[in-house]
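> Quick one: the structure is below, questions incoming.
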Amino acid sequence: METLEFSCPAGARKPLQRVHVGVVASGNLEVLMEPAVGIVSQVVVRTSANGFGERWRAVIDRFFARHDVAVSVAINDFGATPPTVLLRLEQAIEEAFVIGRAPVCPPTLRP
Amino acid sequence: MTIPTLLHSTAACFSELDARERARALLDAGSFRELLDPFQRVESPHLPPQGIVPQSDDGVVVARGLIDGQQAVVLSIEGNYQGGSIGEVNGAKIAGALELALRDARRGRIIRPVLVLDTGGIRLQEANLGILSISEMHAAIVELREFVPVVGIVAGRIGCFGGMGIAAGLCSVLIGSEIGRLGLNGPEVIEQEAGIAELDARDRARIWATIGCRRRYEQGDLDCLVADDAATIVRSVCETFAEKPGGARSRAVAERRRRIDEYSLPAAAGGPQ
């Protein structure tokens, strides 16, 4: 297991709420996204695969190049590939910026 | 909206929902409220020193809300995190919630307890601490079921094994789907300990024919066999509470003895070969 920390100047948009997506399952990861504290966006990664710091740097740079956001992100990773990581981050962003995010499992399931 | 359209279908597979989505599905619309949610960071302190990445909820969702308008607590295990294994922290979340429901029940405030079981049992990395928390669960279920039916659901891809298999057996009512499996030792453990000649853990047909939920239902170990469909399982839980079932399967000792006698082969001379 390895812990990696990344930071960059905070962007313009702050999330409306904190969101949690994903599961720490094989080839998967969980993302906890919150509004950034202060003027720095921060990403803390705990990953089961050691030695991929450069790859993580590239993925996170690409994420912040695409989204001008002020977020604090915690990632617990169980060997997800870079595309999976980016998809989870995109999912978190989508949910973090929707007011009153609807539950993932909708009321229509009720009898 | 950003919600995947697939999940809007009323035909969502229960087994494909994660632990949180299952809890949400079981509770009345808008009533879901999570206790010790992921942002509380109540995670296992034992896994990182052993090089294992923790999960922010330690693989258990504790959700309060309503079932058919009545107070309820859903304890949902995430089978995809470490095989749904029970350690100190996630075990304490379940046992603690059951004990609080028990305290409320003693004061005349009934909270409907539902266990969504998707677990291989004990988390080996946390050994005795997991065993301790599972035994606390057992004690709480046995006391709580005197006040309110404790409903267990075995409808995930892991199934329910080990000490949690015992917890399932202690529930007042057990609901399962054909996806589910229920037992004490899981197939992989049996193969590892007794050899592949005893049981091939990859022999899916044989495994589901012996410990699959359909088989368990036929044996009387399961009260309700339902399709792997979220709406059906939700309806089944609602109906169970509406019926106010009494007793518990684990009390029917005479019936179990009769059935074991019925199935037992006459002892061959010289014992088994």
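Ordered as shown in the structure tokens, chains take letters A, B, and onward, while each chain numbers its residues from 1 and ligands are numbered from 1 in the order shown.
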Using only C-alpha atoms and a distance of at most 10 Å, pull out the residues of chain B that contact chain A, as an MDAnalysis selection string.
chainID B and resid 1:5 7:12 17:30 32 37:39 48:59 67:68 78:83 229:236 238
> So what do you get for atom CA of A:Val43 versus atom CA of A:Ala58, distance-wise?
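Going from atom CA of A:Val43 over to atom CA of A:Ala58, I get 12.7 Å.
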> Run DSSP on the backbone and tell me which residues of stretch 182-256 of chain B come out as alpha helix (DSSP H); list them as a PyMOL selection string.
chain B and resi 187-194+204-211+213-218+230-243+253-256
> Got time to write the residues from that selection, N, CA and C atoms, as a short mmCIF file (atom, residue, chain, number, x, y, z; two decimals), in the first residue's frame?

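Okay, selection_19.cif is ready:
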```cif
data_model
loop_
_atom_site.label_atom_id
_atom_site.label_comp_id
_atom_site.auth_asym_id
_atom_site.auth_seq_id
_atom_site.Cartn_x
_atom_site.Cartn_y
_atom_site.Cartn_z
N PRO B 187 -17.29 -22.65 0.01
CA PRO B 187 -16.67 -23.66 -0.84
C PRO B 187 -15.14 -23.54 -0.93
N GLU B 188 -14.65 -22.30 -1.02
CA GLU B 188 -13.19 -22.12 -1.14
C GLU B 188 -12.48 -22.63 0.10
N VAL B 189 -13.08 -22.38 1.25
CA VAL B 189 -12.47 -22.82 2.51
C VAL B 189 -12.47 -24.35 2.59
N ILE B 190 -13.57 -24.96 2.18
CA ILE B 190 -13.66 -26.43 2.23
C ILE B 190 -12.61 -27.04 1.31
N GLU B 191 -12.49 -26.47 0.10
CA GLU B 191 -11.49 -27.00 -0.84
C GLU B 191 -10.09 -26.86 -0.27
N GLN B 192 -9.82 -25.71 0.32
CA GLN B 192 -8.49 -25.44 0.87
C GLN B 192 -8.16 -26.38 2.02
N GLU B 193 -9.14 -26.65 2.87
CA GLU B 193 -8.88 -27.42 4.08
C GLU B 193 -9.00 -28.93 3.86
N ALA B 194 -9.95 -29.34 3.00
CA ALA B 194 -10.22 -30.78 2.87
C ALA B 194 -9.77 -31.35 1.52
N ARG B 204 -19.62 -24.82 -9.95
CA ARG B 204 -20.74 -23.95 -9.58
C ARG B 204 -22.06 -24.71 -9.48
N ALA B 205 -22.28 -25.64 -10.41
CA ALA B 205 -23.54 -26.38 -10.39
C ALA B 205 -23.70 -27.14 -9.07
N ARG B 206 -22.61 -27.79 -8.66
CA ARG B 206 -22.68 -28.58 -7.43
C ARG B 206 -22.85 -27.68 -6.21
N ILE B 207 -22.15 -26.54 -6.23
CA ILE B 207 -22.22 -25.64 -5.08
C ILE B 207 -23.63 -25.07 -4.92
N TRP B 208 -24.22 -24.60 -6.02
CA TRP B 208 -25.57 -24.04 -5.90
C TRP B 208 -26.60 -25.13 -5.61
N ALA B 209 -26.28 -26.38 -6.04
CA ALA B 209 -27.21 -27.48 -5.75
C ALA B 209 -27.16 -27.90 -4.28
N THR B 210 -26.08 -27.51 -3.58
CA THR B 210 -25.97 -27.91 -2.17
C THR B 210 -26.23 -26.74 -1.21
N ILE B 211 -25.69 -25.56 -1.53
CA ILE B 211 -25.82 -24.45 -0.58
C ILE B 211 -26.47 -23.21 -1.19
N CYS B 213 -29.41 -20.67 -2.46
CA CYS B 213 -30.60 -20.30 -1.70
C CYS B 213 -31.84 -21.11 -2.11
N ARG B 214 -31.92 -21.53 -3.39
CA ARG B 214 -33.07 -22.36 -3.77
C ARG B 214 -33.05 -23.66 -2.96
N ARG B 215 -31.86 -24.27 -2.89
CA ARG B 215 -31.71 -25.51 -2.12
C ARG B 215 -32.05 -25.27 -0.65
N ARG B 216 -31.51 -24.18 -0.11
CA ARG B 216 -31.76 -23.85 1.30
C ARG B 216 -33.25 -23.64 1.56
N TYR B 217 -33.93 -23.07 0.59
CA TYR B 217 -35.37 -22.86 0.72
C TYR B 217 -36.08 -24.21 0.78
N GLU B 218 -35.68 -25.12 -0.11
CA GLU B 218 -36.30 -26.44 -0.13
C GLU B 218 -36.03 -27.20 1.17
N ALA B 230 -34.88 -5.90 -7.20
CA ALA B 230 -34.94 -5.03 -6.03
C ALA B 230 -36.37 -4.80 -5.55
N ALA B 231 -37.28 -4.50 -6.48
CA ALA B 231 -38.66 -4.21 -6.08
C ALA B 231 -39.31 -5.42 -5.41
N THR B 232 -39.01 -6.62 -5.92
CA THR B 232 -39.57 -7.83 -5.34
C THR B 232 -39.06 -8.05 -3.93
N ILE B 233 -37.77 -7.82 -3.73
CA ILE B 233 -37.18 -8.03 -2.40
C ILE B 233 -37.74 -7.00 -1.42
N VAL B 234 -37.87 -5.76 -1.88
CA VAL B 234 -38.43 -4.71 -1.03
C VAL B 234 -39.85 -5.09 -0.60
N ARG B 235 -40.65 -5.56 -1.56
CA ARG B 235 -42.03 -5.94 -1.27
C ARG B 235 -42.06 -7.09 -0.26
N SER B 236 -41.14 -8.03 -0.45
CA SER B 236 -41.07 -9.19 0.43
C SER B 236 -40.77 -8.76 1.88
N VAL B 237 -39.87 -7.79 2.03
CA VAL B 237 -39.53 -7.28 3.37
C VAL B 237 -40.73 -6.59 3.98
N CYS B 238 -41.42 -5.76 3.20
CA CYS B 238 -42.60 -5.05 3.70
C CYS B 238 -43.67 -6.04 4.15
N GLU B 239 -43.90 -7.07 3.34
CA GLU B 239 -44.92 -8.07 3.67
C GLU B 239 -44.55 -8.82 4.95
N THR B 240 -43.25 -9.11 5.08
CA THR B 240 -42.79 -9.83 6.27
C THR B 240 -43.13 -9.05 7.54
N PHE B 241 -42.83 -7.75 7.55
CA PHE B 241 -43.11 -6.96 8.75
C PHE B 241 -44.62 -6.82 8.96
N ALA B 242 -45.38 -6.71 7.85
CA ALA B 242 -46.83 -6.56 7.97
C ALA B 242 -47.45 -7.82 8.59
N GLU B 243 -46.86 -8.98 8.30
CA GLU B 243 -47.41 -10.24 8.80
C GLU B 243 -47.11 -10.47 10.28
N VAL B 253 -36.19 -26.73 17.21
CA VAL B 253 -35.18 -27.79 17.36
C VAL B 253 -35.76 -29.17 17.05
N ALA B 254 -36.97 -29.43 17.57
CA ALA B 254 -37.57 -30.75 17.37
C ALA B 254 -37.76 -31.04 15.88
N GLU B 255 -38.24 -30.03 15.16
CA GLU B 255 -38.45 -30.17 13.72
C GLU B 255 -37.13 -30.46 13.00
N ARG B 256 -36.07 -29.77 13.43
CA ARG B 256 -34.75 -29.99 12.81
C ARG B 256 -34.28 -31.42 13.07
#
```
> Quote the spacing between atom CA of B:Ser264 and atom CA of B:Arg249 in Å to one decimal place.
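Distance between the two atoms: 20.8 Å.
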> What gap, in Å, lies between atom CA of B:Gly130 and atom CA of B:Arg251?
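Interatomic distance, atom CA of B:Gly130 to atom CA of B:Arg251: 25.4 Å.
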> Find the residues around A:Glu5 up to 8 Å (only C-alpha atoms counted), leave out those fewer than 6 positions away in its own chain, and share them as a ChimeraX atom specification.
/A:42-45
> Can you pull out every residue within 9 Å of B:Leu182, counting only C-alpha atoms, but drop anything in the same chain fewer than 4 positions away, and send it as a ChimeraX atom specification?
/B:154,159-161,165,168,186,211-213,216,221
> B:Gly220, B:Gly121, B:Gly163, B:Gly246: which is nearest B:Arg259, counting only C-alpha atoms?
B:Gly220
> Taking 5 positions as the minimum chain separation for residues in the same chain, which residues sit within 12 Å of stretch 6-8 of chain A when counting only C-alpha atoms? Answer as a ChimeraX atom specification.
/A:36-46,53-54,56-61,63-65,68-75
> Would you export the selected residues with C-alpha atoms as a tab-separated table (two decimals), in the first residue's frame, please?

```
chain	number	residue	atom	x	y	z
A	36	ALA	CA	-11.63	22.62	-0.84
A	37	VAL	CA	-10.48	24.26	2.36
A	38	GLY	CA	-8.59	27.45	1.52
A	39	ILE	CA	-6.88	28.18	-1.77
A	40	VAL	CA	-5.52	24.72	-2.57
A	41	SER	CA	-7.15	21.72	-4.19
A	42	GLN	CA	-5.84	18.56	-2.66
A	43	VAL	CA	-5.94	14.88	-3.60
A	44	VAL	CA	-4.85	12.16	-1.18
A	45	VAL	CA	-4.54	8.70	-2.71
A	46	ARG	CA	-4.14	5.42	-0.87
A	53	GLY	CA	3.07	7.85	-8.56
A	54	GLU	CA	3.85	9.32	-11.99
A	56	TRP	CA	-1.40	9.16	-10.70
A	57	ARG	CA	0.17	12.58	-11.23
A	58	ALA	CA	-0.76	12.45	-14.93
A	59	VAL	CA	-4.35	11.37	-14.22
A	60	ILE	CA	-4.88	14.07	-11.61
A	61	ASP	CA	-3.27	16.77	-13.79
A	63	PHE	CA	-8.61	15.95	-14.21
A	64	PHE	CA	-7.77	19.47	-13.00
A	65	ALA	CA	-7.01	20.61	-16.57
A	68	ASP	CA	-11.69	24.41	-12.87
A	69	VAL	CA	-12.74	23.34	-9.37
A	70	ALA	CA	-11.81	23.86	-5.73
A	71	VAL	CA	-12.06	20.38	-4.24
A	72	SER	CA	-10.55	18.22	-1.57
A	73	VAL	CA	-10.46	14.60	-2.72
A	74	ALA	CA	-9.67	11.36	-0.90
A	75	ILE	CA	-9.20	8.23	-3.00
```
